[in-house]
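Asks: The structure file entry_12.csv (CSV, C-alpha atoms) is provided below.
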chain,number,residue,atom,x,y,z
L,7,GLU,CA,190.1,163.3,170.4
L,8,ALA,CA,187.2,161.0,171.5
L,9,GLY,CA,188.0,157.4,172.0
L,10,VAL,CA,186.1,154.3,170.9
L,11,THR,CA,182.6,154.5,172.3
L,12,GLN,CA,180.1,151.6,172.7
L,13,PHE,CA,176.4,151.5,173.4
L,14,PRO,CA,174.8,150.3,175.5
L,15,SER,CA,177.2,149.8,178.4
L,16,HIS,CA,175.0,147.0,179.8
L,17,SER,CA,172.2,145.0,178.3
L,18,VAL,CA,170.0,142.4,180.0
L,19,ILE,CA,167.8,140.4,177.8
L,20,GLU,CA,166.0,137.1,177.9
L,21,LYS,CA,167.0,134.0,175.9
L,22,GLY,CA,165.5,134.2,172.4
L,23,GLN,CA,165.4,138.0,172.2
L,24,THR,CA,167.4,140.1,169.9
L,25,VAL,CA,170.1,142.6,171.0
L,26,THR,CA,172.0,145.1,168.9
L,27,LEU,CA,175.3,146.5,170.1
L,28,ARG,CA,176.8,149.6,168.6
L,29,CYS,CA,180.4,150.8,168.3
L,30,ASP,CA,181.7,154.2,167.2
L,31,PRO,CA,185.4,154.0,166.3
L,32,ILE,CA,187.9,156.8,166.6
L,33,SER,CA,187.3,159.2,163.8
L,34,GLY,CA,189.4,158.4,160.8
L,35,HIS,CA,190.1,154.8,161.8
L,36,ASP,CA,189.4,152.5,158.9
L,37,ASN,CA,189.9,149.3,160.9
L,38,LEU,CA,187.2,148.2,163.3
L,39,TYR,CA,187.3,145.0,165.4
L,40,TRP,CA,184.9,143.2,167.6
L,41,TYR,CA,186.0,141.0,170.4
L,42,ARG,CA,184.2,139.3,173.3
L,43,ARG,CA,185.1,137.8,176.7
L,44,VAL,CA,182.7,135.3,178.1
L,45,MET,CA,182.9,134.4,181.8
L,46,GLY,CA,186.3,133.0,182.8
L,47,LYS,CA,187.7,132.8,179.3
L,48,GLU,CA,190.1,134.8,177.3
L,49,ILE,CA,189.2,137.9,175.2
L,50,LYS,CA,188.5,136.4,171.7
L,51,PHE,CA,188.4,138.0,168.3
L,52,LEU,CA,185.1,138.0,166.4
L,53,LEU,CA,185.7,140.0,163.3
L,54,HIS,CA,187.5,142.8,161.5
L,55,PHE,CA,186.2,145.5,159.2
L,56,VAL,CA,188.3,147.6,156.9
L,57,LYS,CA,186.0,150.5,156.1
L,58,GLU,CA,182.7,148.8,155.3
L,59,SER,CA,184.2,145.5,154.2
L,60,LYS,CA,184.6,142.4,156.3
L,61,GLN,CA,188.3,141.6,156.2
L,62,ASP,CA,188.2,138.6,158.6
L,63,GLU,CA,185.1,137.1,160.3
L,64,SER,CA,186.8,133.9,161.3
L,65,GLY,CA,185.9,134.4,165.0
L,66,MET,CA,182.2,134.8,164.6
L,67,PRO,CA,180.7,131.9,166.6
L,68,ASN,CA,177.7,131.1,164.5
L,69,ASN,CA,175.0,132.6,162.2
L,70,ARG,CA,173.1,134.1,165.1
L,71,PHE,CA,175.7,136.9,165.0
L,72,LEU,CA,175.5,139.6,162.3
L,73,ALA,CA,177.9,142.5,162.1
L,74,GLU,CA,177.5,145.5,159.8
L,75,ARG,CA,179.4,148.7,159.1
L,76,THR,CA,177.4,150.5,156.6
L,77,GLY,CA,179.2,153.6,155.3
L,78,GLY,CA,182.4,152.6,157.0
L,79,THR,CA,181.8,154.5,160.1
L,80,TYR,CA,180.0,153.0,163.1
L,81,SER,CA,179.4,149.3,163.4
L,82,THR,CA,176.6,147.2,164.9
L,83,LEU,CA,176.7,143.7,166.2
L,84,LYS,CA,173.3,141.9,166.3
L,85,VAL,CA,172.7,138.7,168.2
L,86,GLN,CA,169.5,137.0,167.1
L,87,PRO,CA,168.2,135.0,168.9
L,88,ALA,CA,170.4,135.4,172.0
L,89,GLU,CA,171.4,132.3,173.9
L,90,LEU,CA,172.6,131.9,177.5
L,91,GLU,CA,176.2,131.3,176.3
L,92,ASP,CA,176.3,134.7,174.6
L,93,SER,CA,176.6,136.4,177.9
L,94,GLY,CA,179.8,138.3,178.3
L,95,VAL,CA,181.5,141.5,177.6
L,96,TYR,CA,181.7,142.6,173.9
L,97,PHE,CA,184.6,144.9,173.1
L,98,CYS,CA,185.1,147.0,170.0
L,99,ALA,CA,188.4,148.3,168.9
L,100,SER,CA,189.7,150.5,166.1
L,101,SER,CA,193.0,151.3,164.5
L,102,HIS,CA,194.2,153.7,161.9
L,103,GLY,CA,196.3,151.8,159.4
L,104,ILE,CA,195.1,150.2,156.2
L,105,GLY,CA,196.4,146.8,154.9
L,106,ILE,CA,199.4,144.8,155.6
L,107,LEU,CA,201.8,147.8,155.8
L,108,PHE,CA,200.0,148.9,158.9
L,109,SER,CA,199.2,145.6,160.4
L,110,THR,CA,201.2,146.3,163.5
L,111,ASP,CA,199.1,149.3,164.3
L,112,THR,CA,197.8,149.9,167.9
L,113,GLN,CA,194.2,148.8,168.5
L,114,TYR,CA,192.3,151.1,170.8
L,115,PHE,CA,189.5,149.5,172.7
L,116,GLY,CA,186.2,150.8,173.8
L,117,PRO,CA,184.7,150.3,177.3
L,118,GLY,CA,182.8,147.3,176.3
L,119,THR,CA,179.1,146.3,176.4
L,120,ARG,CA,178.2,143.8,179.1
L,121,LEU,CA,175.5,141.5,177.8
L,122,THR,CA,173.6,139.3,180.2
L,123,VAL,CA,171.2,136.7,178.7
L,124,LEU,CA,168.7,135.3,181.2
C,11,SER,CA,196.9,127.4,170.2
C,12,GLN,CA,198.4,130.7,169.2
C,13,GLN,CA,197.4,132.5,172.3
C,14,GLY,CA,199.6,134.3,174.7
C,15,GLU,CA,199.7,133.1,178.2
C,16,GLU,CA,200.5,135.3,181.1
C,17,ASP,CA,202.4,134.3,184.2
C,18,PRO,CA,201.6,134.6,187.0
C,19,GLN,CA,197.9,134.5,187.0
C,20,ALA,CA,197.8,136.7,190.1
C,21,LEU,CA,200.4,138.9,191.8
C,22,SER,CA,200.1,140.8,195.0
C,23,ILE,CA,202.8,143.3,196.0
C,24,GLN,CA,203.3,146.4,198.3
C,25,GLU,CA,203.2,149.9,197.0
C,26,GLY,CA,206.7,151.0,195.8
C,27,GLU,CA,207.7,147.5,194.8
C,28,ASN,CA,208.3,146.4,191.2
C,29,ALA,CA,205.9,144.1,189.4
C,30,THR,CA,206.9,141.7,186.6
C,31,MET,CA,204.5,139.9,184.4
C,32,ASN,CA,205.4,137.5,181.7
C,33,CYS,CA,203.8,136.4,178.5
C,34,SER,CA,204.5,133.4,176.3
C,35,TYR,CA,203.2,132.7,172.8
C,36,LYS,CA,203.6,129.9,170.3
C,37,THR,CA,203.8,131.2,166.8
C,38,SER,CA,205.7,134.0,164.9
C,39,ILE,CA,204.4,137.4,165.6
C,40,ASN,CA,204.3,140.9,164.1
C,41,ASN,CA,203.9,142.6,167.3
C,42,LEU,CA,202.9,142.2,171.0
C,43,GLN,CA,200.8,144.6,172.9
C,44,TRP,CA,200.1,145.0,176.6
C,45,TYR,CA,196.8,146.2,177.9
C,46,ARG,CA,195.4,147.0,181.3
C,47,GLN,CA,191.8,146.6,182.5
C,48,ASN,CA,190.6,148.1,185.6
C,49,SER,CA,187.8,146.3,187.3
C,50,GLY,CA,184.6,146.5,185.2
C,51,ARG,CA,186.2,148.9,182.7
C,52,GLY,CA,187.5,148.8,179.2
C,53,LEU,CA,191.0,147.9,178.0
C,54,VAL,CA,193.6,150.6,178.1
C,55,HIS,CA,196.5,150.2,175.7
C,56,LEU,CA,199.8,150.4,177.4
C,57,ILE,CA,202.6,149.7,175.0
C,58,LEU,CA,203.2,148.0,171.6
C,59,ILE,CA,206.5,146.3,170.8
C,60,ARG,CA,207.3,145.1,167.3
C,61,SER,CA,208.9,141.8,166.5
C,62,ASN,CA,212.2,143.6,165.5
C,63,GLU,CA,212.4,145.4,168.8
C,64,ARG,CA,213.8,144.0,172.0
C,65,GLU,CA,212.9,146.6,174.6
C,66,LYS,CA,210.6,149.6,175.0
C,67,HIS,CA,210.0,152.0,177.8
C,68,SER,CA,207.0,154.2,178.6
C,69,GLY,CA,207.1,156.0,181.9
C,70,ARG,CA,207.3,153.4,184.7
C,71,LEU,CA,206.7,150.6,182.2
C,72,ARG,CA,209.4,148.5,180.6
C,73,VAL,CA,208.6,145.8,178.1
C,74,THR,CA,211.0,143.3,176.7
C,75,LEU,CA,210.5,140.9,173.8
C,76,ASP,CA,212.5,137.7,173.2
C,77,THR,CA,211.4,136.2,169.9
C,78,SER,CA,213.8,133.3,170.2
C,79,LYS,CA,212.0,132.3,173.4
C,80,LYS,CA,208.6,133.5,172.2
C,81,SER,CA,208.2,135.5,175.4
C,82,SER,CA,207.7,139.0,176.7
C,83,SER,CA,207.8,140.7,180.0
C,84,LEU,CA,206.1,143.8,181.4
C,85,LEU,CA,207.8,145.5,184.3
C,86,ILE,CA,206.1,148.1,186.3
C,87,THR,CA,208.5,150.0,188.6
C,88,ALA,CA,207.7,151.8,191.8
C,89,SER,CA,204.1,150.4,191.8
C,90,ARG,CA,201.2,152.4,193.1
C,91,ALA,CA,197.8,151.3,194.4
C,92,ALA,CA,196.3,152.8,191.2
C,93,ASP,CA,198.2,150.1,189.2
C,94,THR,CA,195.9,147.5,190.6
C,95,ALA,CA,194.2,145.9,187.5
C,96,SER,CA,194.4,143.0,185.2
C,97,TYR,CA,197.1,143.0,182.6
C,98,PHE,CA,196.9,141.3,179.3
C,99,CYS,CA,199.3,140.6,176.5
C,100,ALA,CA,198.0,140.3,173.0
C,101,THR,CA,199.8,139.2,170.0
C,102,GLY,CA,199.4,140.1,166.4
C,103,PHE,CA,200.5,137.5,163.9
C,104,GLN,CA,202.3,137.2,160.6
C,105,GLY,CA,200.2,136.1,157.7
C,106,GLY,CA,197.8,139.0,157.0
C,107,SER,CA,195.3,138.6,159.8
C,108,GLU,CA,195.2,141.6,162.0
C,109,LYS,CA,193.4,140.1,164.9
C,110,LEU,CA,194.9,140.1,168.3
C,111,VAL,CA,195.1,137.0,170.4
C,112,PHE,CA,194.9,137.6,174.1
C,113,GLY,CA,196.1,135.6,177.1
C,114,LYS,CA,194.1,135.1,180.2
C,115,GLY,CA,195.7,138.0,182.0
C,116,THR,CA,197.6,138.6,185.2
C,117,LYS,CA,195.6,140.1,188.1
C,118,LEU,CA,197.9,142.6,189.9
C,119,THR,CA,197.0,143.9,193.3
C,120,VAL,CA,199.1,146.7,194.8
C,121,ASN,CA,198.6,147.1,198.5
C,122,PRO,CA,198.9,150.6,200.0
Kindly present the structure from the file in structure tokens form.

Replies:
Amino acid sequence: EAGVTQFPSHSVIEKGQTVTLRCDPISGHDNLYWYRRVMGKEIKFLLHFVKESKQDESGMPNNRFLAERTGGTYSTLKVQPAELEDSGVYFCASSHGIGILFSTDTQYFGPGTRLTVL
Amino acid sequence: SQQGEEDPQALSIQEGENATMNCSYKTSINNLQWYRQNSGRGLVHLILIRSNEREKHSGRLRVTLDTSKKSSSLLITASRAADTASYFCATGFQGGSEKLVFGKGTKLTVNP
């Protein structure tokens, strides 16, 4: 079974440009999460999809970040315009369960996308 | 803050020795998960322990959870050089949100 995949693995852009990160969850996983780790800080939650719906977007830093999951399969995270402080590693994770009953389900992480904003 | 905090921040041991890492958190949890990250790579899930469990084993890994002290420990027995990595605890909380809250991690170095 393929794991969570992310593309690209590394992106270098200039301040003010736009970048789109993609995540393909494990097949059949309804839950998809985005996290990020900026330099020297903890890994922090950004948002959670259940299928195509945003369940929790409390971690999104500001309106320069837009996440979508059309069709409930893969997800994209767009940063527009990118700022220097957006540099870091963006992780995607997925889990199988749906709703509160399965809220203790294991989250499987992808390899991350390292974003560098110059 | 709800976040877990690992202790120690860094640990260096010899191959064959045991490594113990601790994690503390502040609020009631549904579960606690341990992850490993090798340098420059993604997070690998190691083990999940639910709030009603006290101990779990997986191969050379042993995780304990003490909800009264709001703490967990990860023990790696008979360590190998390949165990060198950063280890993170992540907590899932009661109340409906399924997000994980991560600590800063423990950097483990196992010397051959």

Asks: Would you list the contacts of Ser81 (chain C) as a VMD selection string, taking every protein, DNA or RNA residue within 7 Å and counting only C-alpha atoms, but skipping same-chain residues closer than 2 positions in sequence?

Replies: chain C and resid 33 to 35 75 to 77 79 83

Asks: Please indicate the distance in Å from CA of Ser64 (chain L) to CA of Leu38 (chain L), rounded to one decimal place.

Replies: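 Here the two named atoms are 14.4 Å from each other.
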
Asks: For a test of reading the model, state the distance in Å between CA of Phe51 (chain L) and CA of Ser101 (chain L), rounded to one decimal.

Replies: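 Computing the Euclidean distance for CA of Phe51 (chain L) and CA of Ser101 (chain L) yields 14.6 Å.
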
Asks: Taking only C-alpha atoms into account and nothing else, which residues of chain L lie no more than 8 Å away from chain C? Please answer as a PyMOL selection string.

Replies: chain L and resi 39+47-51+53-54+62+97+106+109-110+112-118

Asks: May I have the protein, DNA and RNA residues with an atom at most 9 Å from (169.0, 144.1, 170.5), counting all atoms listed in the file in the file's coordinates, returned as a PyMOL selection string?

Replies: chain L and resi 17+19+23-27+83-86+88

Asks: Residues within 6 Å of Ser81 (chain L), please, as a tab-separated table (two decimals) with C-alpha atoms, keeping the file's coordinate frame. Count all atoms listed in the file; anything in the same chain fewer than 3 positions from it doesn't count.

Replies:
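This went into around_33.tsv:
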chain	number	residue	atom	x	y	z
L	28	ARG	CA	176.80	149.60	168.60
L	29	CYS	CA	180.40	150.80	168.30
L	74	GLU	CA	177.50	145.50	159.80
L	75	ARG	CA	179.40	148.70	159.10

Asks: Have a look at CA of Asn121 (chain C) and CA of Leu71 (chain C) and let me know their distance in Å, one decimal.

Replies: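 Spanning CA of Asn121 (chain C) to CA of Leu71 (chain C) is a straight-line distance of 18.5 Å.
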
Asks: Mind filling out region 80-91 of chain L with all heavy atoms and sending it as a compact mmCIF listing (two decimals), in the coordinates of the input?

Replies:
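Written output follows (out.txt):
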# COMPACT_ATOMS: atom_id res chain seq x y z
N TYR L 80 180.32 153.82 161.93
CA TYR L 80 180.00 153.00 163.10
C TYR L 80 179.67 151.58 162.69
O TYR L 80 179.37 151.31 161.52
CB TYR L 80 178.90 153.64 163.93
CG TYR L 80 177.54 153.57 163.28
CD1 TYR L 80 176.69 152.50 163.53
CD2 TYR L 80 177.10 154.57 162.42
CE1 TYR L 80 175.44 152.42 162.93
CE2 TYR L 80 175.86 154.51 161.81
CZ TYR L 80 175.04 153.43 162.07
OH TYR L 80 173.81 153.36 161.47
N SER L 81 179.69 150.69 163.66
CA SER L 81 179.40 149.30 163.40
C SER L 81 178.31 148.82 164.40
O SER L 81 178.23 149.32 165.52
CB SER L 81 180.60 148.43 163.53
OG SER L 81 180.29 147.04 163.41
N THR L 82 177.51 147.87 163.95
CA THR L 82 176.60 147.20 164.90
C THR L 82 176.84 145.72 164.87
O THR L 82 177.28 145.15 163.86
CB THR L 82 175.11 147.47 164.44
OG1 THR L 82 174.92 147.01 163.10
CG2 THR L 82 174.77 148.95 164.54
N LEU L 83 176.57 145.12 166.00
CA LEU L 83 176.70 143.70 166.20
C LEU L 83 175.34 143.20 166.71
O LEU L 83 174.96 143.57 167.82
CB LEU L 83 177.81 143.30 167.09
CG LEU L 83 178.02 141.80 167.35
CD1 LEU L 83 178.43 141.07 166.07
CD2 LEU L 83 179.09 141.58 168.43
N LYS L 84 174.63 142.43 165.92
CA LYS L 84 173.30 141.90 166.30
C LYS L 84 173.40 140.48 166.68
O LYS L 84 174.03 139.69 165.96
CB LYS L 84 172.30 142.15 165.18
CG LYS L 84 170.90 141.68 165.53
CD LYS L 84 169.98 141.66 164.33
CE LYS L 84 169.61 143.02 163.86
NZ LYS L 84 168.55 142.98 162.81
N VAL L 85 172.75 140.14 167.76
CA VAL L 85 172.70 138.70 168.20
C VAL L 85 171.19 138.37 168.16
O VAL L 85 170.37 138.96 168.86
CB VAL L 85 173.25 138.53 169.60
CG1 VAL L 85 173.24 137.04 169.94
CG2 VAL L 85 174.66 139.10 169.70
N GLN L 86 170.86 137.38 167.32
CA GLN L 86 169.50 137.00 167.10
C GLN L 86 169.32 135.57 166.72
O GLN L 86 169.82 135.19 165.65
CB GLN L 86 168.85 137.92 166.01
CG GLN L 86 167.41 137.62 165.68
CD GLN L 86 166.87 138.50 164.56
OE1 GLN L 86 167.61 138.92 163.67
NE2 GLN L 86 165.59 138.80 164.60
N PRO L 87 168.67 134.74 167.52
CA PRO L 87 168.20 135.00 168.90
C PRO L 87 169.33 134.77 169.88
O PRO L 87 170.20 133.92 169.66
CB PRO L 87 167.12 133.94 169.05
CG PRO L 87 167.60 132.78 168.23
CD PRO L 87 168.33 133.38 167.05
N ALA L 88 169.31 135.50 170.95
CA ALA L 88 170.40 135.40 172.00
C ALA L 88 170.19 134.07 172.75
O ALA L 88 169.07 133.63 173.04
CB ALA L 88 170.33 136.56 172.91
N GLU L 89 171.33 133.47 173.10
CA GLU L 89 171.40 132.30 173.90
C GLU L 89 172.13 132.58 175.21
O GLU L 89 172.86 133.58 175.27
CB GLU L 89 172.05 131.12 173.18
CG GLU L 89 171.34 130.69 171.90
CD GLU L 89 170.03 129.97 172.17
OE1 GLU L 89 169.82 129.50 173.31
OE2 GLU L 89 169.23 129.87 171.23
N LEU L 90 171.97 131.72 176.20
CA LEU L 90 172.60 131.90 177.50
C LEU L 90 174.13 132.09 177.36
O LEU L 90 174.75 132.94 178.02
CB LEU L 90 172.30 130.80 178.46
CG LEU L 90 170.84 130.57 178.81
CD1 LEU L 90 170.69 129.38 179.74
CD2 LEU L 90 170.24 131.81 179.44
N GLU L 91 174.73 131.28 176.47
CA GLU L 91 176.20 131.30 176.30
C GLU L 91 176.74 132.54 175.66
O GLU L 91 177.96 132.71 175.56
CB GLU L 91 176.68 130.04 175.58
CG GLU L 91 176.20 129.96 174.14
CD GLU L 91 174.96 129.11 173.99
OE1 GLU L 91 174.20 128.98 174.97
OE2 GLU L 91 174.76 128.57 172.88
